[in-house]
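Engineer: The structure is given below, and queries will be raised subsequently.
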Amino acid sequence: MAGHFKKKTKTKEEIPTASLPDIIFMLLIFFMVTTVLRETTVQVRTLLPKAEALTKIDQKRLVTYVYIGPKKLEGNRIGETSVQIDDALVEDLGNVRTIMYSKLVEQPRLIVSLKVDETSEMGVVLDIHGELREAGTLRINYSSKREIPS
Amino acid sequence: MPVLKKKPRVEGEIPTSSMADIAFLLLIFFLVTTTIDVDTGIGMVLPPKLEDDVIPPPIRERNVLKILVNEAGLVLVEDQPSAVQLIRQEVMTHVLNEGVDPRYAESAGKALISIKTSRETPYSAYVNVLDEVWMAYFEMWDSEARVLGYLDYKTYVGAITESGAENIIRDKIKAAISIAEPDGT
């Protein structure tokens, strides 16, 4: 006797949308974990020093970054110590006071965060201090990473 | 002859009911990520530029704790070789001396820490020394806050920003740190 063949139910052509929010949520978490927001391309290497006595700067719009460190060259090599403000390298340190002064006019409560590579020498940092004093931008911050106390 | 049945036209619509959710999630995403990278560091206030005709007020020698960091990252405290780890204690003895020891400061309000480097001093050595000095101040503020009945200085600051009171700890023990110019410049 021939077997009873059940007719297969017709498959639905619609994509189930019930899991869509979950998928989006997964994507959201993925991006939240992986993205690093960076406004400027840093052309110098800044390996920050470690410190314990840290304060947080919550008001990000008050902060201007000054990057000091060896210039990044092609092929993972590093060059001479250079200073970068915003997107451009500052060739003549005498220009720092003009740049900072115009920033101070825009934002009177300006904080200058110095992101200095730990291998840099104090000479260039002291030169920047002098320039900042000339410009009148006196609130500074030595950007450092948290040191895990041993 | 069989009649070819015309297939019904497939509706090409994208479901739009979840659009609001997607937009909402994107909104949350940007809200969260824009404040994620908080800059941390050691805060300092540089001294204002000196006018040529203004002579800086005289400071008594005993109120200044001189710390010198040389090219090799070695430290001299009051011309005595010292280790970086000992600076914290030295700063605390200096500031909290209250005129007892003639080598240290007259009072906490008058105490001054001077950090001098040479131009070739590595930045990391300077930051280590500065960090120790700041940690000394943090510890002193913490113990002052405990005297006033707070858990630590942070809770004290939280309490006074809420009530709008004066920061009496900061008035008593001022963090007076000066970065001296190297010699011969």
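Following the order of the structure tokens, first chain is A, next is B, and so on, with residues numbered from 1 inside each chain and ligands from 1 in the order they appear.
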Return as a ChimeraX atom specification the full set of residues in chain A whose backbone-based DSSP assignment is alpha helix (DSSP H).
Structural biologist: /A:20-34,96-106,122-135
Engineer: Take the selection from the previous step and output its residues with N, CA and C atoms, as a CSV table (one decimal), in the first residue's frame.
Structural biologist:
```
chain,number,residue,atom,x,y,z
A,20,LEU,N,14.4,41.9,14.6
A,20,LEU,CA,15.1,43.1,14.1
A,20,LEU,C,15.6,44.0,15.2
A,21,PRO,N,14.8,44.3,16.2
A,21,PRO,CA,15.3,45.2,17.2
A,21,PRO,C,16.5,44.5,17.9
A,22,ASP,N,16.5,43.2,18.1
A,22,ASP,CA,17.7,42.6,18.7
A,22,ASP,C,18.9,42.7,17.9
A,23,ILE,N,18.8,42.5,16.5
A,23,ILE,CA,19.9,42.7,15.6
A,23,ILE,C,20.5,44.1,15.7
A,24,ILE,N,19.6,45.1,15.7
A,24,ILE,CA,20.1,46.4,15.8
A,24,ILE,C,20.8,46.7,17.1
A,25,PHE,N,20.2,46.1,18.1
A,25,PHE,CA,20.8,46.3,19.5
A,25,PHE,C,22.2,45.6,19.6
A,26,MET,N,22.3,44.5,18.9
A,26,MET,CA,23.7,43.9,18.9
A,26,MET,C,24.7,44.8,18.1
A,27,LEU,N,24.2,45.3,17.0
A,27,LEU,CA,25.0,46.3,16.3
A,27,LEU,C,25.4,47.4,17.1
A,28,LEU,N,24.5,48.0,17.9
A,28,LEU,CA,24.7,49.1,18.7
A,28,LEU,C,25.8,48.8,19.7
A,29,ILE,N,25.7,47.6,20.4
A,29,ILE,CA,26.7,47.2,21.4
A,29,ILE,C,28.0,47.1,20.7
A,30,PHE,N,28.0,46.4,19.5
A,30,PHE,CA,29.3,46.2,18.8
A,30,PHE,C,30.0,47.6,18.5
A,31,PHE,N,29.3,48.5,18.0
A,31,PHE,CA,29.9,49.8,17.7
A,31,PHE,C,30.3,50.6,19.0
A,32,MET,N,29.5,50.4,20.0
A,32,MET,CA,29.8,51.1,21.3
A,32,MET,C,31.1,50.6,21.9
A,33,VAL,N,31.3,49.3,21.7
A,33,VAL,CA,32.6,48.7,22.2
A,33,VAL,C,33.8,49.0,21.4
A,34,THR,N,33.6,49.0,20.0
A,34,THR,CA,34.8,49.1,19.2
A,34,THR,C,35.2,50.5,18.8
A,96,VAL,N,52.7,79.5,18.6
A,96,VAL,CA,51.8,78.9,19.6
A,96,VAL,C,51.1,80.0,20.3
A,97,ARG,N,51.8,81.0,20.7
A,97,ARG,CA,51.1,82.1,21.4
A,97,ARG,C,49.9,82.7,20.7
A,98,THR,N,50.1,82.9,19.4
A,98,THR,CA,49.0,83.5,18.5
A,98,THR,C,47.8,82.5,18.4
A,99,ILE,N,48.1,81.3,18.2
A,99,ILE,CA,47.1,80.2,18.1
A,99,ILE,C,46.3,80.2,19.4
A,100,MET,N,47.0,80.1,20.5
A,100,MET,CA,46.4,80.0,21.8
A,100,MET,C,45.6,81.2,22.2
A,101,TYR,N,46.2,82.4,21.8
A,101,TYR,CA,45.5,83.6,22.2
A,101,TYR,C,44.1,83.7,21.5
A,102,SER,N,44.1,83.3,20.2
A,102,SER,CA,42.8,83.4,19.5
A,102,SER,C,41.9,82.4,20.0
A,103,LYS,N,42.4,81.3,20.5
A,103,LYS,CA,41.5,80.3,21.1
A,103,LYS,C,40.9,80.8,22.5
A,104,LEU,N,41.8,81.5,23.2
A,104,LEU,CA,41.4,82.1,24.5
A,104,LEU,C,40.3,83.1,24.3
A,105,VAL,N,40.4,83.9,23.2
A,105,VAL,CA,39.4,84.9,23.0
A,105,VAL,C,38.0,84.2,22.7
A,106,GLU,N,38.0,83.1,22.0
A,106,GLU,CA,36.8,82.4,21.8
A,106,GLU,C,36.3,81.7,23.0
A,122,MET,N,62.2,67.9,28.6
A,122,MET,CA,61.5,69.0,29.2
A,122,MET,C,61.6,70.3,28.5
A,123,GLY,N,62.7,70.4,27.7
A,123,GLY,CA,63.0,71.6,27.0
A,123,GLY,C,61.8,72.1,26.2
A,124,VAL,N,61.2,71.3,25.3
A,124,VAL,CA,60.1,71.7,24.5
A,124,VAL,C,58.9,71.9,25.3
A,125,VAL,N,58.7,71.2,26.4
A,125,VAL,CA,57.5,71.4,27.3
A,125,VAL,C,57.7,72.8,27.9
A,126,LEU,N,58.9,73.1,28.4
A,126,LEU,CA,59.1,74.4,29.0
A,126,LEU,C,58.9,75.6,28.0
A,127,ASP,N,59.3,75.3,26.7
A,127,ASP,CA,59.1,76.3,25.7
A,127,ASP,C,57.6,76.6,25.5
A,128,ILE,N,56.8,75.5,25.5
A,128,ILE,CA,55.4,75.6,25.4
A,128,ILE,C,54.8,76.3,26.6
A,129,HIS,N,55.3,76.0,27.8
A,129,HIS,CA,54.8,76.8,29.0
A,129,HIS,C,55.0,78.3,28.8
A,130,GLY,N,56.2,78.6,28.3
A,130,GLY,CA,56.5,80.1,28.1
A,130,GLY,C,55.5,80.7,27.1
A,131,GLU,N,55.2,79.9,26.0
A,131,GLU,CA,54.3,80.4,25.0
A,131,GLU,C,52.9,80.6,25.6
A,132,LEU,N,52.5,79.6,26.4
A,132,LEU,CA,51.2,79.7,27.0
A,132,LEU,C,51.0,80.8,27.9
A,133,ARG,N,52.1,81.1,28.7
A,133,ARG,CA,52.1,82.2,29.6
A,133,ARG,C,52.0,83.5,28.8
A,134,GLU,N,52.7,83.6,27.7
A,134,GLU,CA,52.6,84.8,26.8
A,134,GLU,C,51.1,85.0,26.3
A,135,ALA,N,50.5,83.9,26.0
A,135,ALA,CA,49.1,83.9,25.4
A,135,ALA,C,48.1,84.2,26.5
```
Engineer: How close does chain B get to chain A? List, as a Markdown table, each residue of chain B within 7 Å, its nearest atom pair and the distance in Å to one decimal, counting only C-alpha atoms.
Structural biologist:
```
| residue | atom | partner | partner_atom | distance |
| --- | --- | --- | --- | --- |
| B:Ile22 | CA | A:Ile24 | CA | 6.8 |
| B:Phe29 | CA | A:Leu28 | CA | 6.5 |
| B:Thr33 | CA | A:Met32 | CA | 6.6 |
| B:Val38 | CA | A:Asp58 | CA | 6.4 |
| B:Asp39 | CA | A:Ile57 | CA | 5.7 |
| B:Thr40 | CA | A:Lys56 | CA | 4.6 |
| B:Gly41 | CA | A:Ser143 | CA | 4.0 |
| B:Ile42 | CA | A:Tyr142 | CA | 5.0 |
| B:Gly43 | CA | A:Asn141 | CA | 4.3 |
| B:Met44 | CA | A:Ile140 | CA | 5.3 |
| B:Val45 | CA | A:Arg139 | CA | 4.6 |
| B:Leu46 | CA | A:Leu138 | CA | 4.7 |
| B:Pro47 | CA | A:Leu138 | CA | 6.9 |
| B:Pro48 | CA | A:Arg133 | CA | 5.9 |
| B:Lys49 | CA | A:Arg133 | CA | 5.4 |
| B:Ser118 | CA | A:Met122 | CA | 7.0 |
| B:Arg119 | CA | A:Gly123 | CA | 3.9 |
| B:Glu120 | CA | A:Glu121 | CA | 5.2 |
| B:Thr121 | CA | A:Met122 | CA | 5.3 |
| B:Pro122 | CA | A:Glu121 | CA | 4.5 |
| B:Tyr123 | CA | A:Glu121 | CA | 5.4 |
| B:Ser124 | CA | A:Glu118 | CA | 4.8 |
| B:Asn128 | CA | A:Ala51 | CA | 6.7 |
| B:Asp131 | CA | A:Ala53 | CA | 5.6 |
| B:Trp134 | CA | A:Ala53 | CA | 5.9 |
| B:Met135 | CA | A:Ala53 | CA | 5.4 |
```
Engineer: Neighbouring residues of Leu73 of chain A were defined as those with any atom within 12 Å, considering only C-alpha atoms; residues of the same chain fewer than 4 positions away were excluded. Please report them as a PyMOL selection string.
Structural biologist: chain A and resi 42-45+77-82
Engineer: Report as a count of residues only all protein, DNA and RNA residues lying within 6 Å of segment 90-107 of chain B, evaluated on only C-alpha atoms, omitting residues in the same chain fewer than 4 positions from it.
Structural biologist: 4
Engineer: Just give me the gap between atom CA of Val66 of chain A and atom CA of Val32 of chain B in Å, one decimal is fine.
Structural biologist: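 These two atoms are separated by 25.5 Å.
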Engineer: Record the distance separating atom CA of Ser143 of chain B and atom CA of Val69 of chain B, expressed in Å with one decimal.
Structural biologist: 28.4 Å
Engineer: Excluding same-chain residues fewer than 5 positions from Ser114 of chain B, what lies within 8 Å of it counting only C-alpha atoms, as a ChimeraX atom specification?
Structural biologist: /B:64-67,177-180
Engineer: If you run DSSP on this backbone, which residues of segment 6-131 of chain A come out as strand (DSSP E), and could you give them as a ChimeraX atom specification?
Structural biologist: /A:50-51,55-57,63-72,78-85,88-90,111-116
Engineer: Could you tell me how far atom CA of Gly94 of chain A sits from atom CA of Glu51 of chain B, in Å to one decimal place?
Structural biologist: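 Answer for the atom CA of Glu51 of chain B to atom CA of Gly94 of chain A separation: 18.9 Å.
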